[in-house]
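Participant: Below is one structure. I have some questions about it.
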Amino acid sequence: MIGGIIISLLMLVIAYAVLRTVVIAIFGGNRHGDWLRKQLPLWEGKEIINTEQSGMIRQFYHLDNGQQKKKTDAVKIILIIGAIFLGVGVIFLVASNWRKIPAHIRTINLLLITIAALFAGYYFSYEKEGHPLLGKSLLFLASIFWGSSIILICQIYNIPSSGNWMIMLLWALPVLPVAYFFNNKYVFLLASALLIAWNFLYNSSNSAANYYYPVLVFCLILPMAFKLGAWVNINILGLLAASFSCCFVEYHWQYSWLAIFISGGLLVYYLIKKEEKYFSAASLSFIAWQIVYFNAAAVKRANFYFLIPLIALFFFTYRDKLKKSLCINIFSAILWFHLMLYPYSEVFNDKYDGITTLVIQLFIGVILYLIGMLHSESKKHFAGLYKSIGFATVAGCVYLLSFKKMLIQNAGFEHGFFFIVCLALVIAAYLLLIWNLYKHPVRTKNFKMELICLAALFSGSLFILFFPALASVNTVIMNTIIFLLAVVSIFYGMAIRSSGVFNSGIVIFVLLIITRYVDVFWELTEKSWFFIIAGLFMLIGGAYLEKQRKKVIEKWGAE
Amino acid sequence: MSRKNITFCIAGLWLVLALGLIGYKQRILATGIKVLLETVPVDPRDFLRGDYVILRYKISSLSSIPGKSNFNRGDRVYVKLEPVGEYWEAVAMKAKNEIERGDVVIKGKIRRRGVVEYGIESYFVPEGKGREIEKNMAGRSKVAVEVIVDKHGNGIINKLFIDGRVVHL
């Protein structure tokens, strides 16, 4: 079964690479280039530009190389697919274990074919002119044949499936020189995919964390990827997969260290290369570490160590203005907060169930929004991100809490440890609000709109906290708040001319109407009327909203 | 170094690795001790290497091995074998430093559910033959495997027996 998964994985990776090249070749990776190529003669004809300028534009956008490249890509694809078919065919031939030919003859034959393909690849790449693509494909084929040879030898000596990780390693490492010295990106992709498979098989077969994989990737594979100028991302994905796979294997501390080791390595790469993808990957890997730690500690210990990398990650995010990473790290901080609280449910005998999580998450959303408001103009992008995440969190939580069934569950919410946590969050949010009021002495209309929502959220959620038993009243409060959020978002969106905010207001509004409609009328015995009325209502309402939305957006455009 | 020389080096490396792997296994086959183990087979399919029969041995069960007190899951163990009647059976479980001169041991690893894995649990057969063999095994046939073990405890399957007869595929 594992073998099947590996083959499928390999085929998927190869298919992705081939498909990507096919799509680029057929549909053209440069559609604008094609458009420009057609437009230039027209512009020349109408004397908008002269021939010289046209030539300069062609040169600047490399438009004359396009057709040639397209043909080359098509040939490359045919050759690579041919190599893959031949290689996979040989693997299946080996798998069929045809015993009419003695084992030693089969081994010698396959090894000779492998070496012959290697030399043929070299010959067509460097000795015979005019066949570089054929040469590359033959080198790729030789690399697949090499894998077949290893599989055959292991089959002859009955090495069990639990030893498949060794096959992957014996296949991947010896083909790396081919990738490196002959600049063969396909062989490199094959080796990268094999090493990813090796990591998973090693983990499952040995019930142990595979520290060799990240060491190999950090010290050898990534530098090779830089040299070849290809497949860096697949190896970063491999590292992330290794990190997150730790969350699903048997919980043990050694996996915890593997995830943090990968995070550290990626962070070092970020410091060297200064590219955000390494930092984002490191941030994601730290999330994996949190989960592994949580599992390894058998949900009994809060991970306060995580605060150290979290502070460091936020420091780099702000220093280097890494917007994507900030998003990941905000999520990471939220997750940490919940995972940190969870173990205390046992200590204080207070249930940390879904509803408690939701209420706490609501306050976290408010805090995030207030943090966004605190950001100065120079950090406007970050402010937007905090506000967006905060708004989405709050809207999501309030929406879920607007269901009466949900609030009935909340009726049993005791004034225990998590009640105190909620109060602490309310106090934190309140302090942030005061800070905001102090920081924004000039009260704009927009600021006032934000304040109205926040005041409603504060009072509504405090009421839920103190009077959880009043489920009906709480339902009304939550529905009012979500209605207010929708209305304010629409007006706020119009005021700041943000179609995103405006549309999200409309989405919340529509969602609220549909949900409540379903809540109220679903109990009707005659379901046909439910659907007919709902359908009519949505068509008319949708048409009206569409008209209003268009009007507003057109108005913005005109202004 | 020229690309031609690099090609020769890679070819050499591949040959050395392949022949090294073969040599290592052949050395065990040539110098090891033959032990006959009783089995219980199953038949899955491994996409990488075609059909094979999963073999379970009497010695695969941790409960059938004496002297296992100090070992945990994931530990490397050396199971001492001795002939008891027709088959060889486990008489003790040892750590590497406990192996005595003249001991016939097989190296294994303790897996989940009290199973010891020796690396001799798969026997590859031609495509489609797995079911056939399984069918033969399903009755009251006695299935045994001749394993060759070297002095370090590495084992390799040499022959498969059904009712005392070697299976030729």
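Note on naming: chains are A, B, ... as they come in the structure tokens, residues start from 1 per chain, ligands start from 1 in the order shown.
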So that I can check the surroundings of range 237-242 of chain A, please list as a PDB file with N, CA, C and O atoms, in the first residue's frame every protein, DNA and RNA residue that reaches within 7 Å of it, counting only C-alpha atoms and ignoring chain neighbours fewer than 4 positions away.
Facilitator:
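The file below, result-v3.pdb, is the result:
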```pdb
ATOM      1  N   ILE A 196      11.122  13.297  -0.253  1.00  0.00           N
ATOM      2  CA  ILE A 196       9.906  13.561   0.536  1.00  0.00           C
ATOM      3  C   ILE A 196       9.258  12.223   0.916  1.00  0.00           C
ATOM      4  O   ILE A 196       8.882  11.997   2.069  1.00  0.00           O
ATOM      5  N   PRO A 214      15.549  16.920   7.101  1.00  0.00           N
ATOM      6  CA  PRO A 214      15.781  18.370   7.062  1.00  0.00           C
ATOM      7  C   PRO A 214      17.254  18.744   6.925  1.00  0.00           C
ATOM      8  O   PRO A 214      17.577  19.716   6.239  1.00  0.00           O
ATOM      9  N   ASN A 233      10.569  25.588  -4.112  1.00  0.00           N
ATOM     10  CA  ASN A 233       9.297  25.539  -3.393  1.00  0.00           C
ATOM     11  C   ASN A 233       8.877  24.123  -3.018  1.00  0.00           C
ATOM     12  O   ASN A 233       8.339  23.899  -1.944  1.00  0.00           O
ATOM     13  N   CYS A 246       4.469  15.498  11.757  1.00  0.00           N
ATOM     14  CA  CYS A 246       4.764  15.211  13.173  1.00  0.00           C
ATOM     15  C   CYS A 246       3.488  15.292  14.014  1.00  0.00           C
ATOM     16  O   CYS A 246       3.386  14.670  15.060  1.00  0.00           O
ATOM     17  N   ILE A 262      13.134  22.205  12.035  1.00  0.00           N
ATOM     18  CA  ILE A 262      12.797  22.647  10.674  1.00  0.00           C
ATOM     19  C   ILE A 262      12.490  24.152  10.678  1.00  0.00           C
ATOM     20  O   ILE A 262      12.963  24.897   9.805  1.00  0.00           O
ATOM     21  N   ALA A 281       7.152  29.956   5.759  1.00  0.00           N
ATOM     22  CA  ALA A 281       7.267  28.515   6.011  1.00  0.00           C
ATOM     23  C   ALA A 281       7.719  28.259   7.445  1.00  0.00           C
ATOM     24  O   ALA A 281       7.203  27.357   8.121  1.00  0.00           O
ATOM     25  N   SER A 285       5.754  26.237  10.261  1.00  0.00           N
ATOM     26  CA  SER A 285       6.385  25.108  10.947  1.00  0.00           C
ATOM     27  C   SER A 285       6.301  25.275  12.469  1.00  0.00           C
ATOM     28  O   SER A 285       6.168  24.294  13.202  1.00  0.00           O
TER      29      SER A 285
END
```
Participant: Could you go through range 19-161 of chain B and tell me which residues DSSP, when run on the backbone, assigns to strand (DSSP E), listing them as a PyMOL selection string?
Facilitator: chain B and resi 33-42+45-46+50-57+76-84+87-94+105-110+116-117+122-124+143-149+155-161
Participant: Hey, what's within 12 Å of range 24-35 of chain B if we count only C-alpha atoms and toss same-chain stuff fewer than 2 positions away? As a ChimeraX atom specification, please?
Facilitator: /A:104,153-159 /B:16-22,37-38,80-90,102-106,144-160
Participant: I'd like the interatomic distance between CA of Ser504 in chain A and CA of Ser472 in chain A, to a tenth of an Å.
Facilitator: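 Computing it gives 27.1 Å between the two atoms.
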Participant: When distances are computed from only C-alpha atoms, which of B:Arg76, B:Lys94, B:Arg165, B:Arg3 shows the smallest separation from Val116 in chain B?
Facilitator: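 Under the stated criterion, the closest residue is B:Arg76.
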Participant: Here is a test: counting only C-alpha atoms, which residue of A:Met373, A:Ala296, A:Met340, A:Leu169 is nearest to chain B?
Facilitator: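 Under the stated criterion, the closest residue is A:Leu169.
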Participant: Would you pick out the contacts of range 478-484 of chain A at 8 Å or less, using only C-alpha atoms, so that residues sharing its chain but fewer than 5 positions from it are not included, and give the list as a PDB file with all heavy atoms, in the first residue's frame?
Facilitator:
```pdb
ATOM      1  N   ALA A 395     -17.283  38.586  13.323  1.00  0.00           N
ATOM      2  CA  ALA A 395     -18.493  38.293  12.547  1.00  0.00           C
ATOM      3  C   ALA A 395     -18.815  36.792  12.602  1.00  0.00           C
ATOM      4  O   ALA A 395     -19.977  36.416  12.816  1.00  0.00           O
ATOM      5  CB  ALA A 395     -18.318  38.750  11.107  1.00  0.00           C
ATOM      6  N   VAL A 398     -19.989  35.906  16.236  1.00  0.00           N
ATOM      7  CA  VAL A 398     -21.323  36.450  16.533  1.00  0.00           C
ATOM      8  C   VAL A 398     -22.372  35.686  15.721  1.00  0.00           C
ATOM      9  O   VAL A 398     -23.455  35.377  16.228  1.00  0.00           O
ATOM     10  CB  VAL A 398     -21.374  37.970  16.231  1.00  0.00           C
ATOM     11  CG1 VAL A 398     -22.796  38.508  16.400  1.00  0.00           C
ATOM     12  CG2 VAL A 398     -20.455  38.717  17.169  1.00  0.00           C
ATOM     13  N   TYR A 399     -22.037  35.358  14.472  1.00  0.00           N
ATOM     14  CA  TYR A 399     -22.979  34.598  13.643  1.00  0.00           C
ATOM     15  C   TYR A 399     -23.306  33.252  14.295  1.00  0.00           C
ATOM     16  O   TYR A 399     -24.475  32.875  14.427  1.00  0.00           O
ATOM     17  CB  TYR A 399     -22.397  34.389  12.241  1.00  0.00           C
ATOM     18  CG  TYR A 399     -23.255  33.507  11.369  1.00  0.00           C
ATOM     19  CD1 TYR A 399     -24.453  33.962  10.840  1.00  0.00           C
ATOM     20  CD2 TYR A 399     -22.873  32.187  11.087  1.00  0.00           C
ATOM     21  CE1 TYR A 399     -25.259  33.156  10.059  1.00  0.00           C
ATOM     22  CE2 TYR A 399     -23.666  31.371  10.309  1.00  0.00           C
ATOM     23  CZ  TYR A 399     -24.857  31.854   9.791  1.00  0.00           C
ATOM     24  OH  TYR A 399     -25.650  31.049   9.028  1.00  0.00           O
ATOM     25  N   LEU A 401     -22.986  32.485  17.390  1.00  0.00           N
ATOM     26  CA  LEU A 401     -23.687  32.707  18.667  1.00  0.00           C
ATOM     27  C   LEU A 401     -25.100  33.262  18.479  1.00  0.00           C
ATOM     28  O   LEU A 401     -25.832  33.428  19.447  1.00  0.00           O
ATOM     29  CB  LEU A 401     -22.872  33.662  19.551  1.00  0.00           C
ATOM     30  CG  LEU A 401     -21.586  33.088  20.151  1.00  0.00           C
ATOM     31  CD1 LEU A 401     -20.728  34.179  20.741  1.00  0.00           C
ATOM     32  CD2 LEU A 401     -21.899  32.043  21.223  1.00  0.00           C
ATOM     33  N   SER A 402     -25.460  33.551  17.238  1.00  0.00           N
ATOM     34  CA  SER A 402     -26.808  34.082  17.006  1.00  0.00           C
ATOM     35  C   SER A 402     -27.849  32.960  16.921  1.00  0.00           C
ATOM     36  O   SER A 402     -29.039  33.222  16.817  1.00  0.00           O
ATOM     37  CB  SER A 402     -26.831  34.919  15.725  1.00  0.00           C
ATOM     38  OG  SER A 402     -26.686  34.077  14.615  1.00  0.00           O
ATOM     39  N   CYS A 453     -19.974  49.963  16.889  1.00  0.00           N
ATOM     40  CA  CYS A 453     -19.903  48.477  16.812  1.00  0.00           C
ATOM     41  C   CYS A 453     -19.208  47.903  18.035  1.00  0.00           C
ATOM     42  O   CYS A 453     -19.651  46.908  18.607  1.00  0.00           O
ATOM     43  CB  CYS A 453     -19.145  48.057  15.567  1.00  0.00           C
ATOM     44  SG  CYS A 453     -20.203  47.988  14.146  1.00  0.00           S
ATOM     45  N   ALA A 456     -21.358  48.035  21.098  1.00  0.00           N
ATOM     46  CA  ALA A 456     -22.389  46.994  21.036  1.00  0.00           C
ATOM     47  C   ALA A 456     -21.794  45.633  21.364  1.00  0.00           C
ATOM     48  O   ALA A 456     -22.387  44.838  22.105  1.00  0.00           O
ATOM     49  CB  ALA A 456     -23.014  46.983  19.651  1.00  0.00           C
ATOM     50  N   LEU A 457     -20.612  45.388  20.825  1.00  0.00           N
ATOM     51  CA  LEU A 457     -19.947  44.100  21.075  1.00  0.00           C
ATOM     52  C   LEU A 457     -19.598  43.938  22.549  1.00  0.00           C
ATOM     53  O   LEU A 457     -19.799  42.875  23.137  1.00  0.00           O
ATOM     54  CB  LEU A 457     -18.681  44.000  20.239  1.00  0.00           C
ATOM     55  CG  LEU A 457     -18.869  43.518  18.806  1.00  0.00           C
ATOM     56  CD1 LEU A 457     -17.627  43.757  17.995  1.00  0.00           C
ATOM     57  CD2 LEU A 457     -19.203  42.028  18.799  1.00  0.00           C
ATOM     58  N   GLY A 460     -22.909  43.576  24.590  1.00  0.00           N
ATOM     59  CA  GLY A 460     -23.571  42.313  24.257  1.00  0.00           C
ATOM     60  C   GLY A 460     -22.832  41.118  24.812  1.00  0.00           C
ATOM     61  O   GLY A 460     -23.415  40.237  25.465  1.00  0.00           O
ATOM     62  N   ILE A 508     -22.809  39.547   5.046  1.00  0.00           N
ATOM     63  CA  ILE A 508     -23.292  39.264   6.416  1.00  0.00           C
ATOM     64  C   ILE A 508     -24.807  39.466   6.484  1.00  0.00           C
ATOM     65  O   ILE A 508     -25.535  38.642   7.050  1.00  0.00           O
ATOM     66  CB  ILE A 508     -22.588  40.171   7.459  1.00  0.00           C
ATOM     67  CG1 ILE A 508     -21.092  39.866   7.493  1.00  0.00           C
ATOM     68  CG2 ILE A 508     -23.168  39.969   8.848  1.00  0.00           C
ATOM     69  CD1 ILE A 508     -20.283  40.857   8.309  1.00  0.00           C
ATOM     70  N   PHE A 509     -25.240  40.547   5.869  1.00  0.00           N
ATOM     71  CA  PHE A 509     -26.669  40.878   5.891  1.00  0.00           C
ATOM     72  C   PHE A 509     -27.488  39.747   5.237  1.00  0.00           C
ATOM     73  O   PHE A 509     -28.458  39.249   5.814  1.00  0.00           O
ATOM     74  CB  PHE A 509     -26.872  42.205   5.148  1.00  0.00           C
ATOM     75  CG  PHE A 509     -28.277  42.720   5.233  1.00  0.00           C
ATOM     76  CD1 PHE A 509     -28.787  43.216   6.438  1.00  0.00           C
ATOM     77  CD2 PHE A 509     -29.106  42.711   4.131  1.00  0.00           C
ATOM     78  CE1 PHE A 509     -30.084  43.683   6.530  1.00  0.00           C
ATOM     79  CE2 PHE A 509     -30.410  43.183   4.208  1.00  0.00           C
ATOM     80  CZ  PHE A 509     -30.897  43.668   5.417  1.00  0.00           C
ATOM     81  N   LEU A 512     -27.428  36.583   7.282  1.00  0.00           N
ATOM     82  CA  LEU A 512     -28.285  36.702   8.465  1.00  0.00           C
ATOM     83  C   LEU A 512     -29.755  36.486   8.087  1.00  0.00           C
ATOM     84  O   LEU A 512     -30.468  35.714   8.739  1.00  0.00           O
ATOM     85  CB  LEU A 512     -28.097  38.087   9.098  1.00  0.00           C
ATOM     86  CG  LEU A 512     -28.980  38.396  10.309  1.00  0.00           C
ATOM     87  CD1 LEU A 512     -28.550  37.575  11.509  1.00  0.00           C
ATOM     88  CD2 LEU A 512     -28.932  39.877  10.659  1.00  0.00           C
TER      89      LEU A 512
END
```
Participant: Between B:Ile162, B:Lys142, B:Glu127, B:Gly12, single out the one closest to chain A, counting only C-alpha atoms.
Facilitator: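 Checking each candidate against chain A, we get B:Glu127 as the closest.
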Participant: Measuring atom to atom with only C-alpha atoms, identify which of A:Leu267, A:Ile150, A:Ile77, A:Leu139 is nearest to chain B.
Facilitator: A:Ile150
